[in-house]
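File shown: final24.csv. Contents: CSV, N, CA and C atoms.
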chain,number,residue,atom,x,y,z
A,1,MET,N,109.3,81.2,178.5
A,1,MET,CA,110.3,80.4,177.8
A,1,MET,C,111.2,79.6,178.8
A,2,THR,N,111.6,80.3,179.9
A,2,THR,CA,112.4,79.7,180.9
A,2,THR,C,111.6,78.6,181.6
A,3,THR,N,110.3,78.7,181.8
A,3,THR,CA,109.5,77.7,182.4
A,3,THR,C,109.5,76.4,181.6
A,4,CYS,N,109.4,76.5,180.3
A,4,CYS,CA,109.4,75.3,179.4
A,4,CYS,C,110.8,74.7,179.5
A,5,ALA,N,111.9,75.5,179.5
A,5,ALA,CA,113.2,75.0,179.6
A,5,ALA,C,113.5,74.3,180.9
A,6,ALA,N,112.9,74.9,182.0
A,6,ALA,CA,113.1,74.3,183.3
A,6,ALA,C,112.4,73.0,183.4
A,7,LEU,N,111.2,72.9,182.8
A,7,LEU,CA,110.5,71.6,182.8
A,7,LEU,C,111.3,70.6,182.0
A,8,ARG,N,111.8,71.0,180.8
A,8,ARG,CA,112.6,70.0,180.0
A,8,ARG,C,113.8,69.5,180.7
A,9,LEU,N,114.5,70.4,181.4
A,9,LEU,CA,115.7,70.0,182.2
A,9,LEU,C,115.4,69.0,183.2
A,10,ASP,N,114.2,69.2,183.9
A,10,ASP,CA,113.8,68.2,184.9
A,10,ASP,C,113.5,66.9,184.3
A,11,GLU,N,112.8,66.9,183.1
A,11,GLU,CA,112.5,65.7,182.4
A,11,GLU,C,113.7,64.9,182.0
A,12,TRP,N,114.8,65.7,181.7
A,12,TRP,CA,116.1,65.0,181.3
A,12,TRP,C,116.8,64.5,182.5
A,13,GLY,N,116.3,64.7,183.7
A,13,GLY,CA,117.0,64.2,184.9
A,13,GLY,C,117.9,65.2,185.6
A,14,ILE,N,117.7,66.4,185.3
A,14,ILE,CA,118.4,67.5,186.0
A,14,ILE,C,117.3,68.2,186.8
A,15,PRO,N,117.2,67.7,188.1
A,15,PRO,CA,116.0,68.0,188.9
A,15,PRO,C,115.9,69.4,189.4
A,16,TYR,N,114.7,69.9,189.5
A,16,TYR,CA,114.4,71.2,190.1
A,16,TYR,C,115.1,71.3,191.4
A,17,ASP,N,115.5,72.5,191.7
A,17,ASP,CA,116.2,72.8,193.0
A,17,ASP,C,117.6,72.2,193.1
A,18,SER,N,118.2,71.7,192.0
A,18,SER,CA,119.5,71.3,192.1
A,18,SER,C,120.4,72.4,191.5
A,19,HIS,N,121.7,72.5,191.9
A,19,HIS,CA,122.5,73.5,191.4
A,19,HIS,C,122.6,73.6,189.9
A,20,PRO,N,122.8,72.4,189.2
A,20,PRO,CA,122.9,72.4,187.8
A,20,PRO,C,121.6,73.0,187.1
A,21,HIS,N,120.4,72.6,187.7
A,21,HIS,CA,119.2,73.1,187.1
A,21,HIS,C,119.0,74.6,187.3
A,22,ASP,N,119.3,75.1,188.5
A,22,ASP,CA,119.2,76.5,188.8
A,22,ASP,C,120.2,77.3,187.9
A,23,ASP,N,121.4,76.8,187.8
A,23,ASP,CA,122.5,77.5,187.0
A,23,ASP,C,122.0,77.5,185.5
A,24,LEU,N,121.5,76.4,185.0
A,24,LEU,CA,121.1,76.4,183.6
A,24,LEU,C,119.9,77.3,183.3
A,25,VAL,N,119.0,77.3,184.2
A,25,VAL,CA,117.8,78.2,184.0
A,25,VAL,C,118.3,79.7,184.1
A,26,LEU,N,119.2,80.0,184.9
A,26,LEU,CA,119.7,81.3,185.0
A,26,LEU,C,120.5,81.7,183.7
A,27,ILE,N,121.3,80.8,183.2
A,27,ILE,CA,122.0,81.0,181.9
A,27,ILE,C,120.9,81.3,180.8
A,28,ILE,N,119.9,80.4,180.7
A,28,ILE,CA,118.9,80.5,179.7
A,28,ILE,C,118.2,81.9,179.9
A,29,ALA,N,117.8,82.3,181.1
A,29,ALA,CA,117.1,83.5,181.3
A,29,ALA,C,118.0,84.7,180.9
A,30,GLU,N,119.3,84.7,181.2
A,30,GLU,CA,120.1,85.8,180.8
A,30,GLU,C,120.3,85.9,179.3
A,31,LEU,N,120.6,84.8,178.7
A,31,LEU,CA,120.8,84.8,177.2
A,31,LEU,C,119.5,85.2,176.5
A,32,THR,N,118.3,84.7,176.9
A,32,THR,CA,117.1,85.1,176.2
A,32,THR,C,116.7,86.6,176.5
A,33,ALA,N,117.0,87.0,177.7
A,33,ALA,CA,116.7,88.4,178.0
A,33,ALA,C,117.6,89.3,177.2
A,34,ASN,N,118.9,89.0,177.0
A,34,ASN,CA,119.7,89.7,176.1
A,34,ASN,C,119.2,89.8,174.7
A,35,ALA,N,118.7,88.6,174.2
A,35,ALA,CA,118.2,88.6,172.8
A,35,ALA,C,117.0,89.5,172.7
A,36,VAL,N,116.1,89.6,173.7
A,36,VAL,CA,115.0,90.5,173.7
A,36,VAL,C,115.5,91.9,173.8
A,37,ARG,N,116.4,92.2,174.6
A,37,ARG,CA,116.8,93.6,174.9
A,37,ARG,C,117.7,94.1,173.8
A,38,HIS,N,118.7,93.3,173.4
A,38,HIS,CA,119.7,93.8,172.5
A,38,HIS,C,119.6,93.2,171.0
A,39,GLY,N,118.9,92.2,170.8
A,39,GLY,CA,118.9,91.5,169.5
A,39,GLY,C,117.5,91.6,168.8
A,40,HIS,N,116.6,92.4,169.4
A,40,HIS,CA,115.2,92.5,168.8
A,40,HIS,C,115.2,93.3,167.5
A,41,VAL,N,114.6,92.7,166.5
A,41,VAL,CA,114.3,93.3,165.3
A,41,VAL,C,112.8,93.2,165.1
A,42,ALA,N,112.1,94.3,164.8
A,42,ALA,CA,110.6,94.3,164.7
A,42,ALA,C,110.2,93.2,163.7
A,43,GLY,N,109.2,92.4,164.1
A,43,GLY,CA,108.6,91.4,163.3
A,43,GLY,C,109.4,90.1,163.3
A,44,ARG,N,110.5,90.0,164.0
A,44,ARG,CA,111.3,88.8,164.1
A,44,ARG,C,111.4,88.4,165.6
A,45,ASP,N,111.7,87.1,165.8
A,45,ASP,CA,111.8,86.6,167.1
A,45,ASP,C,113.2,86.0,167.3
A,46,PHE,N,113.5,85.5,168.4
A,46,PHE,CA,114.8,84.8,168.6
A,46,PHE,C,114.5,83.3,168.7
A,47,ARG,N,115.6,82.5,168.6
A,47,ARG,CA,115.4,81.0,168.7
A,47,ARG,C,116.3,80.6,169.9
A,48,LEU,N,115.7,79.7,170.7
A,48,LEU,CA,116.4,79.1,171.8
A,48,LEU,C,116.5,77.6,171.5
A,49,ARG,N,117.7,77.1,171.7
A,49,ARG,CA,118.0,75.7,171.6
A,49,ARG,C,118.8,75.2,172.8
A,50,VAL,N,118.3,74.2,173.5
A,50,VAL,CA,119.0,73.6,174.6
A,50,VAL,C,119.2,72.1,174.3
A,51,HIS,N,120.5,71.7,174.3
A,51,HIS,CA,120.7,70.3,174.0
A,51,HIS,C,121.9,69.8,174.7
A,52,ALA,N,122.0,68.5,174.8
A,52,ALA,CA,123.2,67.8,175.5
A,52,ALA,C,124.2,67.5,174.4
A,53,ILE,N,125.5,67.8,174.8
A,53,ILE,CA,126.6,67.4,173.9
A,53,ILE,C,126.7,65.9,174.0
A,54,ALA,N,127.3,65.3,173.0
A,54,ALA,CA,127.4,63.8,172.9
A,54,ALA,C,128.0,63.2,174.1
A,55,ASP,N,128.9,63.9,174.8
A,55,ASP,CA,129.5,63.2,176.0
A,55,ASP,C,128.5,63.0,177.1
A,56,GLY,N,127.4,63.6,177.1
A,56,GLY,CA,126.4,63.4,178.1
A,56,GLY,C,126.7,64.2,179.4
A,57,GLY,N,127.8,64.9,179.4
A,57,GLY,CA,128.2,65.7,180.6
A,57,GLY,C,128.1,67.2,180.4
A,58,THR,N,127.7,67.6,179.3
A,58,THR,CA,127.6,69.0,179.0
A,58,THR,C,126.3,69.4,178.4
A,59,VAL,N,125.7,70.5,178.8
A,59,VAL,CA,124.5,71.0,178.2
A,59,VAL,C,124.8,72.3,177.5
A,60,ARG,N,124.4,72.4,176.3
A,60,ARG,CA,124.7,73.6,175.5
A,60,ARG,C,123.4,74.4,175.3
A,61,VAL,N,123.5,75.7,175.6
A,61,VAL,CA,122.3,76.6,175.4
A,61,VAL,C,122.7,77.6,174.3
A,62,GLU,N,121.9,77.7,173.3
A,62,GLU,CA,122.1,78.6,172.1
A,62,GLU,C,120.9,79.5,171.9
A,63,VAL,N,121.2,80.8,171.8
A,63,VAL,CA,120.1,81.8,171.6
A,63,VAL,C,120.5,82.5,170.3
A,64,THR,N,119.7,82.5,169.3
A,64,THR,CA,120.0,83.1,168.0
A,64,THR,C,119.0,84.3,167.8
A,65,ASP,N,119.5,85.4,167.4
A,65,ASP,CA,118.6,86.5,167.0
A,65,ASP,C,119.0,87.0,165.7
A,66,THR,N,118.3,88.0,165.1
A,66,THR,CA,118.5,88.5,163.8
A,66,THR,C,119.2,89.9,163.7
A,67,ARG,N,119.7,90.3,164.8
A,67,ARG,CA,120.4,91.6,164.8
A,67,ARG,C,121.9,91.5,164.7
A,68,ALA,N,122.4,91.9,163.6
A,68,ALA,CA,123.9,91.7,163.3
A,68,ALA,C,124.7,92.8,163.9
A,69,GLU,N,124.2,94.0,164.0
A,69,GLU,CA,125.1,95.1,164.4
A,69,GLU,C,125.2,95.3,165.9
A,70,ARG,N,124.5,94.6,166.7
A,70,ARG,CA,124.6,94.7,168.2
A,70,ARG,C,125.3,93.4,168.7
A,71,LEU,N,126.6,93.4,168.7
A,71,LEU,CA,127.3,92.2,169.1
A,71,LEU,C,127.8,92.3,170.6
A,72,PRO,N,127.8,91.2,171.3
A,72,PRO,CA,128.3,91.2,172.7
A,72,PRO,C,129.8,91.3,172.7
A,73,ARG,N,130.4,91.8,173.7
A,73,ARG,CA,131.8,91.7,173.9
A,73,ARG,C,132.2,90.3,174.1
A,74,ARG,N,133.4,89.9,173.6
A,74,ARG,CA,133.9,88.6,173.7
A,74,ARG,C,134.1,88.2,175.2
A,75,PRO,N,134.1,86.9,175.5
A,75,PRO,CA,134.2,86.5,176.9
A,75,PRO,C,135.3,87.1,177.7
A,76,ALA,N,136.5,87.3,177.2
A,76,ALA,CA,137.6,87.9,177.9
A,76,ALA,C,137.3,89.3,178.4
A,77,ALA,N,136.4,90.0,177.7
A,77,ALA,CA,136.0,91.4,178.1
A,77,ALA,C,135.1,91.3,179.4
A,78,HIS,N,134.6,90.2,179.8
A,78,HIS,CA,133.7,90.1,180.9
A,78,HIS,C,134.4,89.5,182.1
A,79,ASP,N,135.7,89.4,182.1
A,79,ASP,CA,136.5,88.8,183.2
A,79,ASP,C,136.4,89.7,184.5
A,80,THR,N,136.3,91.0,184.3
A,80,THR,CA,136.2,91.8,185.5
A,80,THR,C,134.9,92.6,185.5
A,81,PRO,N,134.2,92.7,186.6
A,81,PRO,CA,133.0,93.5,186.6
A,81,PRO,C,133.3,95.0,186.5
A,82,ASP,N,132.5,95.7,185.8
A,82,ASP,CA,132.6,97.2,185.8
A,82,ASP,C,131.4,97.8,186.4
A,83,ALA,N,131.5,99.1,186.4
A,83,ALA,CA,130.4,99.9,187.1
A,83,ALA,C,129.2,100.1,186.2
A,84,GLU,N,129.2,99.6,185.0
A,84,GLU,CA,128.1,99.8,184.1
A,84,GLU,C,126.9,98.9,184.5
A,85,GLU,N,125.7,99.4,184.3
A,85,GLU,CA,124.5,98.7,184.5
A,85,GLU,C,124.4,97.5,183.6
A,86,THR,N,124.9,97.7,182.3
A,86,THR,CA,124.7,96.6,181.3
A,86,THR,C,126.0,95.7,181.4
A,87,GLY,N,125.8,94.5,180.8
A,87,GLY,CA,126.9,93.6,180.8
A,87,GLY,C,127.0,92.7,181.9
A,88,ARG,N,126.2,92.9,183.0
A,88,ARG,CA,126.3,92.0,184.1
A,88,ARG,C,125.7,90.6,183.8
A,89,GLY,N,124.8,90.5,182.9
A,89,GLY,CA,124.2,89.2,182.6
A,89,GLY,C,125.2,88.3,182.0
A,90,LEU,N,126.1,88.8,181.1
A,90,LEU,CA,127.1,88.0,180.5
A,90,LEU,C,128.2,87.7,181.5
A,91,LEU,N,128.4,88.6,182.4
A,91,LEU,CA,129.4,88.3,183.5
A,91,LEU,C,128.9,87.1,184.3
A,92,LEU,N,127.6,87.1,184.6
A,92,LEU,CA,127.1,86.0,185.3
A,92,LEU,C,127.2,84.7,184.5
A,93,VAL,N,126.8,84.8,183.3
A,93,VAL,CA,127.0,83.6,182.4
A,93,VAL,C,128.4,83.1,182.4
A,94,SER,N,129.4,84.0,182.3
A,94,SER,CA,130.8,83.6,182.3
A,94,SER,C,131.2,82.9,183.6
A,95,ARG,N,130.6,83.2,184.7
A,95,ARG,CA,130.9,82.6,186.0
A,95,ARG,C,130.2,81.2,186.1
A,96,LEU,N,129.1,81.0,185.5
A,96,LEU,CA,128.3,79.8,185.6
A,96,LEU,C,128.7,78.7,184.6
A,97,ALA,N,128.9,79.2,183.4
A,97,ALA,CA,129.2,78.3,182.2
A,97,ALA,C,130.7,77.9,182.2
A,98,ALA,N,130.9,76.7,181.7
A,98,ALA,CA,132.3,76.2,181.5
A,98,ALA,C,132.9,77.1,180.4
A,99,ARG,N,132.2,77.5,179.4
A,99,ARG,CA,132.6,78.4,178.4
A,99,ARG,C,131.4,79.0,177.7
A,100,TRP,N,131.6,80.1,177.0
A,100,TRP,CA,130.6,80.7,176.2
A,100,TRP,C,131.2,81.6,175.2
A,101,ASP,N,130.5,82.0,174.2
A,101,ASP,CA,131.0,82.8,173.1
A,101,ASP,C,129.8,83.2,172.2
A,102,TRP,N,130.1,83.7,171.1
A,102,TRP,CA,129.1,84.0,170.1
A,102,TRP,C,129.7,83.8,168.7
A,103,HIS,N,128.8,83.6,167.7
A,103,HIS,CA,129.3,83.5,166.3
A,103,HIS,C,128.2,84.1,165.4
A,104,PRO,N,128.6,84.6,164.2
A,104,PRO,CA,127.5,85.1,163.3
A,104,PRO,C,126.5,84.0,163.0
A,105,ARG,N,125.3,84.4,162.8
A,105,ARG,CA,124.3,83.4,162.3
A,105,ARG,C,124.6,82.9,160.9
A,106,PRO,N,124.7,81.6,160.7
A,106,PRO,CA,125.2,81.1,159.4
A,106,PRO,C,124.2,81.3,158.3
A,107,ASN,N,122.9,81.4,158.5
A,107,ASN,CA,122.0,81.5,157.4
A,107,ASN,C,121.2,82.8,157.3
A,108,GLY,N,121.9,83.9,157.6
A,108,GLY,CA,121.2,85.2,157.5
A,108,GLY,C,121.8,86.1,158.5
A,109,PRO,N,121.2,87.3,158.7
A,109,PRO,CA,121.8,88.3,159.6
A,109,PRO,C,121.5,87.9,161.0
A,110,GLY,N,122.4,88.3,161.9
A,110,GLY,CA,122.3,88.0,163.3
A,110,GLY,C,123.4,87.3,163.9
A,111,LYS,N,123.2,86.7,165.0
A,111,LYS,CA,124.2,86.0,165.8
A,111,LYS,C,123.6,85.0,166.7
A,112,THR,N,124.5,84.0,167.1
A,112,THR,CA,124.1,83.0,168.1
A,112,THR,C,125.0,83.2,169.2
A,113,VAL,N,124.5,83.4,170.4
A,113,VAL,CA,125.2,83.4,171.7
A,113,VAL,C,125.0,82.1,172.3
A,114,TRP,N,126.1,81.4,172.7
A,114,TRP,CA,126.0,80.1,173.3
A,114,TRP,C,126.8,80.0,174.6
A,115,ALA,N,126.3,79.0,175.4
A,115,ALA,CA,127.0,78.7,176.7
A,115,ALA,C,127.0,77.2,176.9
A,116,GLU,N,128.1,76.7,177.4
A,116,GLU,CA,128.1,75.3,177.7
A,116,GLU,C,128.3,75.1,179.2
A,117,TYR,N,127.5,74.3,179.8
A,117,TYR,CA,127.5,74.0,181.2
A,117,TYR,C,127.9,72.6,181.5
A,118,ALA,N,128.9,72.4,182.3
A,118,ALA,CA,129.4,71.1,182.6
A,118,ALA,C,128.7,70.5,183.8
A,119,LEU,N,128.0,69.4,183.5
A,119,LEU,CA,127.3,68.7,184.6
A,119,LEU,C,128.3,67.9,185.5
A,120,ALA,N,127.9,67.8,186.8
A,120,ALA,CA,128.8,67.0,187.7
A,120,ALA,C,128.8,65.5,187.2
A,121,GLU,N,129.8,64.8,187.6
A,121,GLU,CA,129.9,63.4,187.2
A,121,GLU,C,128.7,62.6,187.6
A,122,TRP,N,128.1,62.9,188.7
A,122,TRP,CA,126.9,62.1,189.2
A,122,TRP,C,125.7,62.4,188.4
A,123,LEU,N,125.7,63.5,187.5
A,123,LEU,CA,124.5,63.9,186.8
A,123,LEU,C,124.8,63.9,185.3
A,124,ARG,N,125.1,62.7,184.8
A,124,ARG,CA,125.3,62.6,183.4
A,124,ARG,C,124.0,62.2,182.7
A,125,LEU,N,123.7,62.9,181.5
A,125,LEU,CA,122.5,62.6,180.8
A,125,LEU,C,122.7,61.3,180.0
A,126,PRO,N,121.6,60.5,179.9
A,126,PRO,CA,121.7,59.3,179.0
A,126,PRO,C,121.9,59.6,177.6
A,127,ASP,N,122.4,58.7,176.8
A,127,ASP,CA,122.5,58.9,175.3
A,127,ASP,C,121.2,59.2,174.7
A,128,GLY,N,121.2,60.1,173.7
A,128,GLY,CA,120.0,60.4,173.0
A,128,GLY,C,119.4,61.7,173.4
A,129,PHE,N,119.9,62.4,174.3
A,129,PHE,CA,119.3,63.7,174.7
A,129,PHE,C,120.0,64.9,174.1
Please lay out the structure from this file as structure tokens.
Amino acid sequence: MTTCAALRLDEWGIPYDSHPHDDLVLIIAELTANAVRHGHVAGRDFRLRVHAIADGGTVRVEVTDTRAERLPRRPAAHDTPDAEETGRGLLLVSRLAARWDWHPRPNGPGKTVWAEYALAEWLRLPDGF
């Protein structure tokens, strides 16, 4: 999944081996890994959506799963690292993303965890992405 997303980012003009590309691929990897580990329901999959916000300077990553009872801690809870093995992925996301959070899935059980990444001024996506 991250390979396809990495290719798509490059096609959008966010080149391989650039900081924005590497940061976004890491955010995608962390959120999808969390969906597999914490959001898995037998017989169901998760959904990944990566798109540019209308301003062309922000990329939004959304990962939706169907598990409603396993909710991540809100962003403020990830401000300081703790000694636990778990929770480090969202700590990393909180450091890379301009902002992130989650909301209940609107059309059924589950949740969507999302992160927005602010692109540098020199790396704005053209309209329509």
Practice problem: Report the residues of chain A whose backbone DSSP state falls under helix (DSSP H, G or I), written as a PyMOL selection string. | Solution: chain A and resi 2-11+19-38+75-78+88-96
Quiz prompt | Which of A:Pro20, A:Ala33, A:Ile27, A:Pro15 sits closest to Ala115 in chain A [using only N, CA and C atoms] | solution = A:Ile27
Quiz prompt | Pick from A:Ile53, A:Leu26, A:Ala6, A:Leu71 nearest to Leu92 in chain A, counting only N, CA and C atoms | solution = A:Leu26
Self-check item: Residue contacts of range 93-103 of chain A (10 Å, only C-alpha atoms) excluding same-chain residues fewer than 2 positions away, as a ChimeraX atom specification
Solution: /A:20,23-24,26-31,58-64,71-76,78-79,88-91,105-106,110-119
Quiz item: Suppose you want the space between atom C of Val41 in chain A and atom N of Thr2 in chain A; what is it in Å?
Solution: 19.7 Å
Quiz item: CA of Asp65 in chain A and CA of Arg47 in chain A are how many Å apart?
Solution: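 Separation between CA of Asp65 in chain A and CA of Arg47 in chain A: 6.6 Å.
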Practice problem: Grab the CA of Leu48 in chain A to atom C of His19 in chain A distance for me, in Å with one decimal place. | Solution: 19.9 Å
Practice problem: Could you give me, as a PyMOL selection string, each residue of range 1-82 of chain A that DSSP assigns to strand (DSSP E) when run on this structure's backbone? | Solution: chain A and resi 47-52+58-65
Please return range 26-37 of chain A, rebuilt to all heavy atoms, as a compact mmCIF listing (two decimals), keeping the file's coordinate frame.
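Full text of part.txt as output:
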# COMPACT_ATOMS: atom_id res chain seq x y z
N LEU A 26 119.20 80.00 184.90
CA LEU A 26 119.70 81.30 185.00
C LEU A 26 120.50 81.70 183.70
O LEU A 26 120.29 82.81 183.17
CB LEU A 26 120.62 81.51 186.21
CG LEU A 26 121.08 82.92 186.55
CD1 LEU A 26 119.91 83.89 186.65
CD2 LEU A 26 121.84 82.91 187.86
N ILE A 27 121.30 80.80 183.20
CA ILE A 27 122.00 81.00 181.90
C ILE A 27 120.90 81.30 180.80
O ILE A 27 121.05 82.20 180.01
CB ILE A 27 122.89 79.85 181.59
CG1 ILE A 27 124.10 79.85 182.54
CG2 ILE A 27 123.35 79.92 180.13
CD1 ILE A 27 124.94 78.58 182.48
N ILE A 28 119.90 80.40 180.70
CA ILE A 28 118.90 80.50 179.70
C ILE A 28 118.20 81.90 179.90
O ILE A 28 117.94 82.59 178.88
CB ILE A 28 117.87 79.38 179.82
CG1 ILE A 28 118.55 78.08 179.40
CG2 ILE A 28 116.62 79.64 178.98
CD1 ILE A 28 117.79 76.82 179.79
N ALA A 29 117.80 82.30 181.10
CA ALA A 29 117.10 83.50 181.30
C ALA A 29 118.00 84.70 180.90
O ALA A 29 117.49 85.65 180.25
CB ALA A 29 116.76 83.66 182.80
N GLU A 30 119.30 84.70 181.20
CA GLU A 30 120.10 85.80 180.80
C GLU A 30 120.30 85.90 179.30
O GLU A 30 120.24 87.01 178.77
CB GLU A 30 121.51 85.67 181.52
CG GLU A 30 121.49 85.87 183.01
CD GLU A 30 121.07 87.28 183.43
OE1 GLU A 30 121.20 88.23 182.63
OE2 GLU A 30 120.60 87.42 184.56
N LEU A 31 120.60 84.80 178.70
CA LEU A 31 120.80 84.80 177.20
C LEU A 31 119.50 85.20 176.50
O LEU A 31 119.55 85.98 175.49
CB LEU A 31 121.32 83.51 176.71
CG LEU A 31 122.72 83.14 177.20
CD1 LEU A 31 123.19 81.84 176.56
CD2 LEU A 31 123.73 84.25 176.96
N THR A 32 118.30 84.70 176.90
CA THR A 32 117.10 85.10 176.20
C THR A 32 116.70 86.60 176.50
O THR A 32 116.24 87.26 175.63
CB THR A 32 115.93 84.16 176.58
OG1 THR A 32 115.75 84.13 178.01
CG2 THR A 32 116.17 82.76 176.06
N ALA A 33 117.00 87.00 177.70
CA ALA A 33 116.70 88.40 178.00
C ALA A 33 117.60 89.30 177.20
O ALA A 33 117.15 90.39 176.68
CB ALA A 33 116.97 88.72 179.52
N ASN A 34 118.90 89.00 177.00
CA ASN A 34 119.70 89.70 176.10
C ASN A 34 119.20 89.80 174.70
O ASN A 34 119.32 90.78 173.99
CB ASN A 34 121.16 89.20 176.16
CG ASN A 34 121.90 89.62 177.40
OD1 ASN A 34 121.44 90.46 178.17
ND2 ASN A 34 123.05 89.03 177.62
N ALA A 35 118.70 88.60 174.20
CA ALA A 35 118.20 88.60 172.80
C ALA A 35 117.00 89.50 172.70
O ALA A 35 116.85 90.19 171.68
CB ALA A 35 117.77 87.14 172.49
N VAL A 36 116.10 89.60 173.70
CA VAL A 36 115.00 90.50 173.70
C VAL A 36 115.50 91.90 173.80
O VAL A 36 114.99 92.78 172.99
CB VAL A 36 114.01 90.16 174.82
CG1 VAL A 36 112.95 91.23 174.94
CG2 VAL A 36 113.37 88.79 174.60
N ARG A 37 116.40 92.20 174.60
CA ARG A 37 116.80 93.60 174.90
C ARG A 37 117.70 94.10 173.80
O ARG A 37 117.60 95.25 173.32
CB ARG A 37 117.48 93.71 176.21
CG ARG A 37 117.88 95.12 176.54
CD ARG A 37 118.35 95.26 177.94
NE ARG A 37 118.63 96.67 178.18
CZ ARG A 37 119.16 97.12 179.28
NH1 ARG A 37 119.43 96.30 180.26
NH2 ARG A 37 119.39 98.40 179.42
